[in-house]
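Q: What follows is query.pdb, PDB, C-alpha atoms.
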ATOM      1  CA  MET U1079     185.593 193.994 102.032
ATOM      2  CA  VAL U1080     187.487 197.282 102.221
ATOM      3  CA  ASP U1081     190.676 195.625 100.939
ATOM      4  CA  GLU U1082     188.828 194.103  97.948
ATOM      5  CA  GLU U1083     187.301 197.455  96.990
ATOM      6  CA  SER U1084     190.638 199.128  97.373
ATOM      7  CA  PHE U1085     192.271 196.494  95.170
ATOM      8  CA  GLU U1086     189.490 196.812  92.571
ATOM      9  CA  ASP U1087     189.819 200.588  92.630
ATOM     10  CA  LYS U1088     193.557 200.275  92.072
ATOM     11  CA  LEU U1089     193.035 197.787  89.279
ATOM     12  CA  HIS U1090     190.477 200.070  87.661
ATOM     13  CA  ARG U1091     192.841 203.054  87.952
ATOM     14  CA  TRP U1092     195.767 201.060  86.503
ATOM     15  CA  THR U1093     193.612 199.890  83.612
ATOM     16  CA  LEU U1094     192.525 203.465  82.896
ATOM     17  CA  ASN U1095     196.123 204.659  83.026
ATOM     18  CA  ASP U1096     197.189 201.888  80.636
ATOM     19  CA  LEU U1097     194.382 202.831  78.257
ATOM     20  CA  LYS U1098     195.369 206.511  78.422
ATOM     21  CA  ILE U1099     198.988 205.609  77.675
ATOM     22  CA  GLU U1100     197.964 203.425  74.720
ATOM     23  CA  HIS U1101     195.652 206.147  73.418
ATOM     24  CA  THR U1102     198.452 208.711  73.706
ATOM     25  CA  LYS U1103     200.888 206.407  71.882
ATOM     26  CA  LYS U1104     198.382 205.878  69.057
ATOM     27  CA  ARG U1105     197.702 209.614  68.805
ATOM     28  CA  ILE U1106     201.413 210.434  68.688
ATOM     29  CA  TYR U1107     202.036 207.756  66.084
ATOM     30  CA  SER U1108     199.138 208.859  63.868
ATOM     31  CA  GLN U1109     200.275 212.474  64.102
ATOM     32  CA  SER U1110     203.738 211.360  63.123
ATOM     33  CA  LYS U1111     202.732 210.778  59.495
ATOM     34  CA  LEU U1112     203.874 207.175  59.882
ATOM     35  CA  GLY U1113     207.495 207.651  60.433
ATOM     36  CA  ARG U1114     208.183 210.779  62.393
ATOM     37  CA  ILE U1115     208.838 208.651  65.480
ATOM     38  CA  GLU U1116     211.072 206.317  63.461
ATOM     39  CA  THR U1117     212.933 209.356  62.149
ATOM     40  CA  ARG U1118     213.427 210.614  65.703
ATOM     41  CA  ILE U1119     214.768 207.228  66.779
ATOM     42  CA  ALA U1120     217.159 207.234  63.831
ATOM     43  CA  GLU U1121     218.303 210.727  64.779
ATOM     44  CA  LEU U1122     219.065 209.528  68.283
ATOM     45  CA  GLN U1123     220.839 206.432  66.980
ATOM     46  CA  PHE U1124     223.041 208.399  64.616
ATOM     47  CA  GLY U1125     223.829 211.099  67.179
ATOM     48  CA  LYS U1126     222.238 214.087  65.459
ATOM     49  CA  ASP U1127     221.634 217.010  67.762
ATOM     50  CA  ALA U1128     218.223 218.335  68.738
ATOM     51  CA  ALA U1129     218.519 221.348  66.409
ATOM     52  CA  SER U1130     218.791 219.134  63.334
ATOM     53  CA  VAL U1131     215.769 217.110  64.463
ATOM     54  CA  GLN U1132     213.712 220.300  64.680
ATOM     55  CA  ASN U1133     214.685 221.231  61.100
ATOM     56  CA  LEU U1134     212.841 218.291  59.544
ATOM     57  CA  ARG U1135     210.455 219.070  56.713
ATOM     58  CA  ASP U1136     206.789 218.446  57.339
ATOM     59  CA  ASP U1137     205.967 217.191  53.851
ATOM     60  CA  LEU U1138     206.656 213.717  52.538
ATOM     61  CA  TYR U1139     207.948 212.784  49.091
ATOM     62  CA  ILE U1140     205.882 209.592  49.039
ATOM     63  CA  ALA U1141     202.438 209.897  50.592
ATOM     64  CA  THR U1142     201.693 207.946  53.744
ATOM     65  CA  ALA U1143     198.608 206.482  52.084
ATOM     66  CA  ARG U1144     200.679 205.156  49.181
ATOM     67  CA  LEU U1145     203.170 203.557  51.564
ATOM     68  CA  GLU U1146     200.271 201.937  53.411
ATOM     69  CA  ASN U1147     198.953 200.618  50.082
ATOM     70  CA  LEU U1148     202.336 198.993  49.480
ATOM     71  CA  ARG U1149     202.556 197.594  53.016
ATOM     72  CA  ASN U1150     199.114 196.018  52.645
ATOM     73  CA  LEU U1151     199.975 194.254  49.387
ATOM     74  CA  HIS U1152     200.660 190.541  49.414
ATOM     75  CA  SER U1153     202.374 188.970  46.464
ATOM     76  CA  ALA U1154     203.447 185.371  45.952
ATOM     77  CA  GLN U1155     205.719 186.510  43.120
ATOM     78  CA  PHE U1156     207.500 189.532  44.676
ATOM     79  CA  ASP U1157     208.869 190.366  48.111
ATOM     80  CA  LEU U1158     208.043 194.051  48.522
ATOM     81  CA  GLN U1159     210.061 194.788  51.660
ATOM     82  CA  ARG U1160     212.992 196.289  49.707
ATOM     83  CA  LEU U1161     210.621 198.460  47.639
ATOM     84  CA  ILE U1162     208.941 199.687  50.813
ATOM     85  CA  ARG U1163     212.315 200.385  52.426
ATOM     86  CA  ILE U1164     213.468 202.377  49.379
ATOM     87  CA  CYS U1165     210.302 204.478  49.671
ATOM     88  CA  GLU U1166     210.846 205.008  53.405
ATOM     89  CA  GLU U1167     214.448 206.068  52.772
ATOM     90  CA  ILE U1168     213.321 208.491  50.069
ATOM     91  CA  ASN U1169     210.930 210.053  52.595
ATOM     92  CA  SER U1170     213.583 210.210  55.292
ATOM     93  CA  SER U1171     216.083 211.801  52.905
ATOM     94  CA  TRP U1172     213.446 214.289  51.725
ATOM     95  CA  GLN U1173     212.537 215.229  55.303
ATOM     96  CA  HIS U1174     216.211 215.851  56.087
ATOM     97  CA  SER U1175     216.733 217.761  52.805
ATOM     98  CA  ASN U1176     219.319 215.199  51.690
ATOM     99  CA  LEU U1177     218.571 215.922  48.049
ATOM    100  CA  ILE U1178     221.482 214.019  46.513
ATOM    101  CA  ALA U1179     220.202 210.943  48.343
ATOM    102  CA  VAL U1180     216.636 211.608  47.104
ATOM    103  CA  GLY U1181     217.910 211.677  43.519
ATOM    104  CA  ALA U1182     219.989 208.531  43.972
ATOM    105  CA  LEU U1183     217.159 206.667  45.685
ATOM    106  CA  THR U1184     214.717 207.674  42.961
ATOM    107  CA  ARG U1185     217.104 206.097  40.458
ATOM    108  CA  ILE U1186     217.303 202.976  42.636
ATOM    109  CA  LEU U1187     213.491 202.843  42.693
ATOM    110  CA  LEU U1188     213.294 203.062  38.895
ATOM    111  CA  ASP U1189     215.830 200.253  38.550
ATOM    112  CA  HIS U1190     214.009 198.109  41.127
ATOM    113  CA  VAL U1191     210.397 197.951  39.875
ATOM    114  CA  PRO U1192     210.539 196.803  36.208
ATOM    115  CA  PRO U1193     210.025 193.067  36.963
ATOM    116  CA  ILE U1194     206.665 193.914  38.558
ATOM    117  CA  PHE U1195     205.568 195.105  35.102
ATOM    118  CA  GLY U1196     207.175 192.136  33.320
ATOM    119  CA  HIS U1197     210.195 194.051  32.002
ATOM    120  CA  ALA U1198     213.947 194.150  32.628
ATOM    121  CA  THR U1199     214.421 197.936  32.458
ATOM    122  CA  PHE U1200     212.396 201.014  33.293
ATOM    123  CA  ALA U1201     212.839 202.231  29.704
ATOM    124  CA  GLN U1202     210.836 199.173  28.643
ATOM    125  CA  VAL U1203     208.206 199.917  31.293
ATOM    126  CA  ALA U1204     207.874 203.492  30.003
ATOM    127  CA  ALA U1205     207.704 202.364  26.370
ATOM    128  CA  LYS U1206     204.937 199.827  27.053
ATOM    129  CA  ALA U1207     202.977 201.919  29.584
ATOM    130  CA  PRO U1208     199.315 202.709  28.926
ATOM    131  CA  ARG U1209     198.718 206.083  27.303
ATOM    132  CA  SER U1210     197.441 207.579  30.582
ATOM    133  CA  SER U1211     200.783 207.033  32.346
ATOM    134  CA  LYS U1212     203.204 206.835  29.416
ATOM    135  CA  SER U1213     204.301 210.488  29.471
ATOM    136  CA  VAL U1214     204.767 210.396  33.254
ATOM    137  CA  PHE U1215     206.909 207.255  33.057
ATOM    138  CA  GLU U1216     208.890 208.715  30.162
ATOM    139  CA  ALA U1217     209.611 211.830  32.255
ATOM    140  CA  LEU U1218     210.864 209.588  35.046
ATOM    141  CA  GLU U1219     213.017 207.650  32.601
ATOM    142  CA  GLN U1220     214.420 210.643  30.768
ATOM    143  CA  SER U1221     214.543 213.607  33.165
ATOM    144  CA  SER U1222     214.731 211.923  36.551
ATOM    145  CA  ARG U1223     217.277 209.335  35.437
ATOM    146  CA  LYS U1224     219.557 211.958  33.856
ATOM    147  CA  ILE U1225     219.375 214.184  36.937
ATOM    148  CA  SER U1226     220.034 211.220  39.217
ATOM    149  CA  ASP U1227     222.934 210.059  37.051
ATOM    150  CA  GLY U1228     224.452 213.535  37.295
ATOM    151  CA  LEU U1229     224.121 213.484  41.067
ATOM    152  CA  ILE U1230     225.559 209.991  41.374
ATOM    153  CA  HIS U1231     228.421 210.108  38.880
ATOM    154  CA  GLN U1232     229.612 213.719  39.112
ATOM    155  CA  VAL U1233     233.293 213.917  40.069
ATOM    156  CA  ILE U1234     234.557 216.717  42.253
ATOM    157  CA  ARG U1235     235.006 220.063  40.521
ATOM    158  CA  LYS U1236     236.531 223.419  41.371
ATOM    159  CA  LYS U1237     233.055 224.968  41.770
ATOM    160  CA  GLU U1238     229.997 222.967  42.786
ATOM    161  CA  THR U1239     226.275 223.591  42.896
ATOM    162  CA  LEU U1240     223.996 221.538  45.085
ATOM    163  CA  PRO U1241     220.639 220.215  43.886
ATOM    164  CA  THR U1242     217.469 222.052  44.816
ATOM    165  CA  ASP U1243     214.062 220.680  45.741
ATOM    166  CA  GLN U1244     212.780 221.526  42.270
ATOM    167  CA  GLN U1245     215.592 219.595  40.602
ATOM    168  CA  VAL U1246     214.931 216.273  42.359
ATOM    169  CA  ASN U1247     211.201 216.513  43.050
ATOM    170  CA  PHE U1248     209.515 213.929  40.867
ATOM    171  CA  SER U1249     207.159 212.994  43.692
ATOM    172  CA  GLN U1250     203.967 213.209  41.621
ATOM    173  CA  ASN U1251     205.465 210.987  38.944
ATOM    174  CA  VAL U1252     206.744 208.538  41.558
ATOM    175  CA  ASP U1253     203.281 208.454  43.156
ATOM    176  CA  LEU U1254     201.713 207.469  39.838
ATOM    177  CA  LEU U1255     204.388 204.785  39.384
ATOM    178  CA  LEU U1256     203.702 203.373  42.847
ATOM    179  CA  ALA U1257     199.947 203.507  42.207
ATOM    180  CA  GLU U1258     200.563 201.361  39.119
ATOM    181  CA  VAL U1259     202.631 198.966  41.246
ATOM    182  CA  VAL U1260     199.711 198.664  43.678
ATOM    183  CA  ARG U1261     197.245 198.192  40.831
ATOM    184  CA  THR U1262     199.416 195.604  39.061
ATOM    185  CA  ILE U1263     200.118 193.490  42.137
ATOM    186  CA  GLY U1264     196.800 194.067  43.900
TER     187      GLY U1264
END
Step by step, read the file and then write its structure as structure tokens.

A:
Amino acid sequence: MVDEESFEDKLHRWTLNDLKIEHTKKRIYSQSKLGRIETRIAELQFGKDAASVQNLRDDLYIATARLENLRNLHSAQFDLQRLIRICEEINSSWQHSNLIAVGALTRILLDHVPPIFGHATFAQVAAKAPRSSKSVFEALEQSSRKISDGLIHQVIRKKETLPTDQQVNFSQNVDLLLAEVVRTIG
């Protein structure tokens, strides 16, 4: 009888420890803003030092909730995994202050989504957008695209300037675009 109680006690303790570990994992993951852990893993994979990991921004370019909306969508017409990956890479680039990459990826995003709205180009999407989002989409098409093009196609010069957060931050406009993607597909 003593051995059975001892075994049951051990089993109970192991189960509690497993539950505590799972709870801790879930807490860490939820505090990570859905990706902080993935970012850390990427840092380790690519050999970045601990100092660069500590210099990550806390804010995200694309809200975690919006990414979750996209992940929860199911479409028979469109495979959204590339769209989701573009959004994740925008967030990763933003967190690492890789602003040229943020601009380039924003351009990639604009070129990627038009078929969801039944168009071939984002200019067509902006032109046919409802009045409530038309000016936002036009700003993405005109300002964001021109800034991104400058970042992508600029050849080396004698004197350079690097982009700033303000120059590439179209996050509110991108959020509205992604909300329309969710609404259109959902």

Q: Any idea what's packed within 9 Å of Cys1165 in chain U, counting only C-alpha atoms, ignoring anything in its chain fewer than 4 positions away? Could you give it as a list in words?

A: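 Here the qualifying residues turn out to be Tyr1139, Ile1140, Leu1145, Arg1160, Leu1161, Asn1169, Ser1170, Leu1183, Thr1184 and Leu1187 of chain U.
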
Q: Show me, as a list in words, the residues that have an atom within 9 Å of range 1239-1256 of chain U when counting all atoms listed in the file, minus same-chain residues fewer than 5 positions from it.

A: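 Result of the neighbour search: Leu1138, Tyr1139, Ile1140, Ala1141, Arg1144, Leu1145, Leu1148, Trp1172, Ser1175, Leu1177, Ile1178, Val1180, Gly1181, Thr1184, Leu1187, Leu1188, Ser1211, Val1214, Phe1215, Ala1217, Leu1218, Ser1222, Ile1225, Ser1226, Leu1229 and Arg1261 of chain U.
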
Q: For CA of Leu1134 in chain U and CA of Ile1162 in chain U, quote the distance in Å rounded to one decimal.

A: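 Answer for the CA of Leu1134 in chain U to CA of Ile1162 in chain U separation: 20.9 Å.
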
Q: How would you write, as a list in words, the residues chosen by the PyMOL selection byres ((chain U and resi 1264) around 9) on this structure?

A: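 Going through the file, the PyMOL selection byres ((chain U and resi 1264) around 9) ends up selecting Leu1151, His1152, Ser1153, Val1259, Val1260, Arg1261, Thr1262 and Ile1263 of chain U.
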
Q: Please, which residues are within 12 Å of (209.5, 198.9, 33.9) by the file's coordinates, counting all atoms listed in the file, and could they come as JSON, numbers by chain?

A: {"U": [1187, 1188, 1189, 1190, 1191, 1192, 1193, 1194, 1195, 1196, 1197, 1198, 1199, 1200, 1201, 1202, 1203, 1204, 1205, 1206, 1207, 1208, 1212, 1215, 1216, 1218, 1219, 1255, 1256, 1258, 1259, 1262]}

Q: Emit the selected residues as a CSV table (one decimal), in the frame of the given file, including C-alpha atoms.

A:
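So the final result, stored in out-v8.csv, reads:
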chain,number,residue,atom,x,y,z
U,1187,LEU,CA,213.5,202.8,42.7
U,1188,LEU,CA,213.3,203.1,38.9
U,1189,ASP,CA,215.8,200.3,38.6
U,1190,HIS,CA,214.0,198.1,41.1
U,1191,VAL,CA,210.4,198.0,39.9
U,1192,PRO,CA,210.5,196.8,36.2
U,1193,PRO,CA,210.0,193.1,37.0
U,1194,ILE,CA,206.7,193.9,38.6
U,1195,PHE,CA,205.6,195.1,35.1
U,1196,GLY,CA,207.2,192.1,33.3
U,1197,HIS,CA,210.2,194.1,32.0
U,1198,ALA,CA,213.9,194.2,32.6
U,1199,THR,CA,214.4,197.9,32.5
U,1200,PHE,CA,212.4,201.0,33.3
U,1201,ALA,CA,212.8,202.2,29.7
U,1202,GLN,CA,210.8,199.2,28.6
U,1203,VAL,CA,208.2,199.9,31.3
U,1204,ALA,CA,207.9,203.5,30.0
U,1205,ALA,CA,207.7,202.4,26.4
U,1206,LYS,CA,204.9,199.8,27.1
U,1207,ALA,CA,203.0,201.9,29.6
U,1208,PRO,CA,199.3,202.7,28.9
U,1212,LYS,CA,203.2,206.8,29.4
U,1215,PHE,CA,206.9,207.3,33.1
U,1216,GLU,CA,208.9,208.7,30.2
U,1218,LEU,CA,210.9,209.6,35.0
U,1219,GLU,CA,213.0,207.6,32.6
U,1255,LEU,CA,204.4,204.8,39.4
U,1256,LEU,CA,203.7,203.4,42.8
U,1258,GLU,CA,200.6,201.4,39.1
U,1259,VAL,CA,202.6,199.0,41.2
U,1262,THR,CA,199.4,195.6,39.1

Q: CA of Arg1135 in chain U to CA of Asn1176 in chain U: how many Å, to one decimal?

A: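 Pair CA of Arg1135 in chain U / CA of Asn1176 in chain U returns 10.9 Å.
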
Q: Closest to Ser1171 in chain U among U:Val1233, U:Asp1137, U:Ser1213, U:Gln1159, using all atoms listed in the file?

A: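 Of all the options, U:Asp1137 lies closest to Ser1171 in chain U.
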
Q: Could you jot down the CA of Asn1150 in chain U to CA of Ile1186 in chain U separation for me, Å, one decimal place?

A: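 Between CA of Asn1150 in chain U and CA of Ile1186 in chain U the gap is 21.9 Å.
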
Q: Calculated over only C-alpha atoms, which of the candidates U:Ala1179, U:Ala1143, U:Ile1164, U:Ala1154 has the smallest distance to Asp1227 in chain U?

A: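 Selected residue with least distance to Asp1227 in chain U: U:Ala1179.
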